[in-house]
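For reference, the structure discussed in these notes is given below.
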Amino acid sequence: MSKIEQWINDLKPLLDEMSSTDLSELEWEKEGYKIKIVRSPVERRKQDAVQAEKKPATRPVSVKSPVVGTFHFIESKPEIGSHINKGQSIGHINSINVKHGVEMETSGKLVEIHVEEGQAVEFGQLLFTLEENVS
């Protein structure tokens, strides 16, 4: 087996690894010889399309204040990334000594909290953003 054939055999595991990552370029040098491999943009787009197919389709869902008042979490402030169930109430708004629950109209992952404990809120003000799976 020639040196070049041996080096190609040495490179095969690296090439396999390159095809399963987002690397677009690989340089390898051994005994004064240098090999440079560049992945074509077409191949990258194909790989990106396959990865996009693996991700579930999602859409943002805005949860807004139903009334004017003061916002309070029911228990503690939920963690970003936590799953919220449809019908679950994670807060309420106190308006003229009446508590108005803020119930989720859909299930999803909590991606952003736009309100703080004890904050005054307006009607229609954005409170939370969820990410709902639509697939």
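How things are named: the first chain in the structure tokens is A, the next is B, and so on; residues count from 1 in each chain; ligands count from 1 in the order shown.
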
When DSSP works through the backbone of this structure, what residues of stretch 10-116 of chain A end up as alpha helix (DSSP H), shown as a ChimeraX atom specification?
-> /A:10-19,41-54

Can you check which residues of chain A DSSP gives as strand (DSSP E or B) on the backbone and send them as JSON, numbers by chain?
-> {"A": [25, 26, 27, 28, 29, 30, 33, 34, 35, 36, 37, 38, 58, 59, 60, 61, 62, 63, 64, 69, 70, 71, 72, 73, 83, 84, 89, 90, 91, 92, 93, 94, 95, 98, 99, 100, 101, 102, 103, 108, 109, 110, 111, 112, 113, 120, 121, 126, 127, 128, 129, 130, 131, 132, 133]}

Restricting the output to C-alpha atoms, write the selected residues as a compact mmCIF listing (two decimals), in the first residue's frame.
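selection.txt, written as the output of this step:
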```
# COMPACT_ATOMS: atom_id res chain seq x y z
CA GLU A 25 -13.63 22.78 5.44
CA LEU A 26 -10.89 20.39 6.60
CA GLU A 27 -7.11 20.69 6.25
CA TRP A 28 -4.77 17.83 7.04
CA GLU A 29 -0.98 17.81 6.85
CA LYS A 30 1.39 14.86 7.19
CA TYR A 33 1.97 16.87 2.21
CA LYS A 34 -1.14 18.94 2.76
CA ILE A 35 -4.72 17.98 1.86
CA LYS A 36 -7.59 20.47 1.96
CA ILE A 37 -11.20 19.32 1.63
CA VAL A 38 -14.01 21.83 1.15
CA THR A 58 -43.21 25.49 16.21
CA ARG A 59 -44.88 28.86 16.37
CA PRO A 60 -44.78 31.61 18.98
CA VAL A 61 -47.90 32.19 21.09
CA SER A 62 -48.41 35.49 22.92
CA VAL A 63 -50.19 35.47 26.28
CA LYS A 64 -51.65 38.90 27.04
CA GLY A 69 -54.24 45.56 37.34
CA THR A 70 -51.26 44.18 39.24
CA PHE A 71 -49.67 40.92 38.12
CA HIS A 72 -48.75 38.15 40.58
CA PHE A 73 -47.35 34.66 40.00
CA HIS A 83 -43.55 23.11 29.67
CA ILE A 84 -46.86 24.88 30.29
CA SER A 89 -52.66 29.26 35.31
CA ILE A 90 -49.21 30.52 36.26
CA GLY A 91 -50.36 33.94 37.38
CA HIS A 92 -53.26 36.24 38.11
CA ILE A 93 -53.99 39.92 37.86
CA ASN A 94 -55.47 41.70 40.84
CA SER A 95 -57.87 44.36 39.62
CA VAL A 98 -60.67 40.77 42.13
CA LYS A 99 -58.22 38.10 40.98
CA HIS A 100 -58.32 37.37 37.24
CA GLY A 101 -56.48 34.16 36.38
CA VAL A 102 -54.16 34.13 33.38
CA GLU A 103 -54.86 30.70 31.89
CA GLY A 108 -46.08 24.85 24.90
CA LYS A 109 -42.59 25.69 26.07
CA LEU A 110 -42.17 28.96 27.97
CA VAL A 111 -39.62 31.01 26.01
CA GLU A 112 -39.99 34.49 27.51
CA ILE A 113 -41.49 36.22 30.57
CA ALA A 120 -48.77 47.02 37.03
CA VAL A 121 -50.10 45.80 33.68
CA LEU A 126 -47.78 40.96 26.63
CA LEU A 127 -47.12 38.76 29.67
CA PHE A 128 -45.55 35.57 28.30
CA THR A 129 -44.40 34.03 25.04
CA LEU A 130 -44.81 30.29 24.53
CA GLU A 131 -43.51 28.12 21.73
CA GLU A 132 -46.23 25.75 20.55
CA ASN A 133 -45.51 22.60 18.52
```

d(atom CA of A:Gln88, atom CA of A:Ile74) in Å |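 Going from atom CA of A:Gln88 over to atom CA of A:Ile74 covers 10.6 Å.
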
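Atom pair atom CA of A:Gly32 / atom CA of A:Asn9 has a distance of 17.5 Å (rounded to one decimal).
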
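Here atom CA of A:Gly118 is placed at a distance of 12.7 Å from atom CA of A:Val68.
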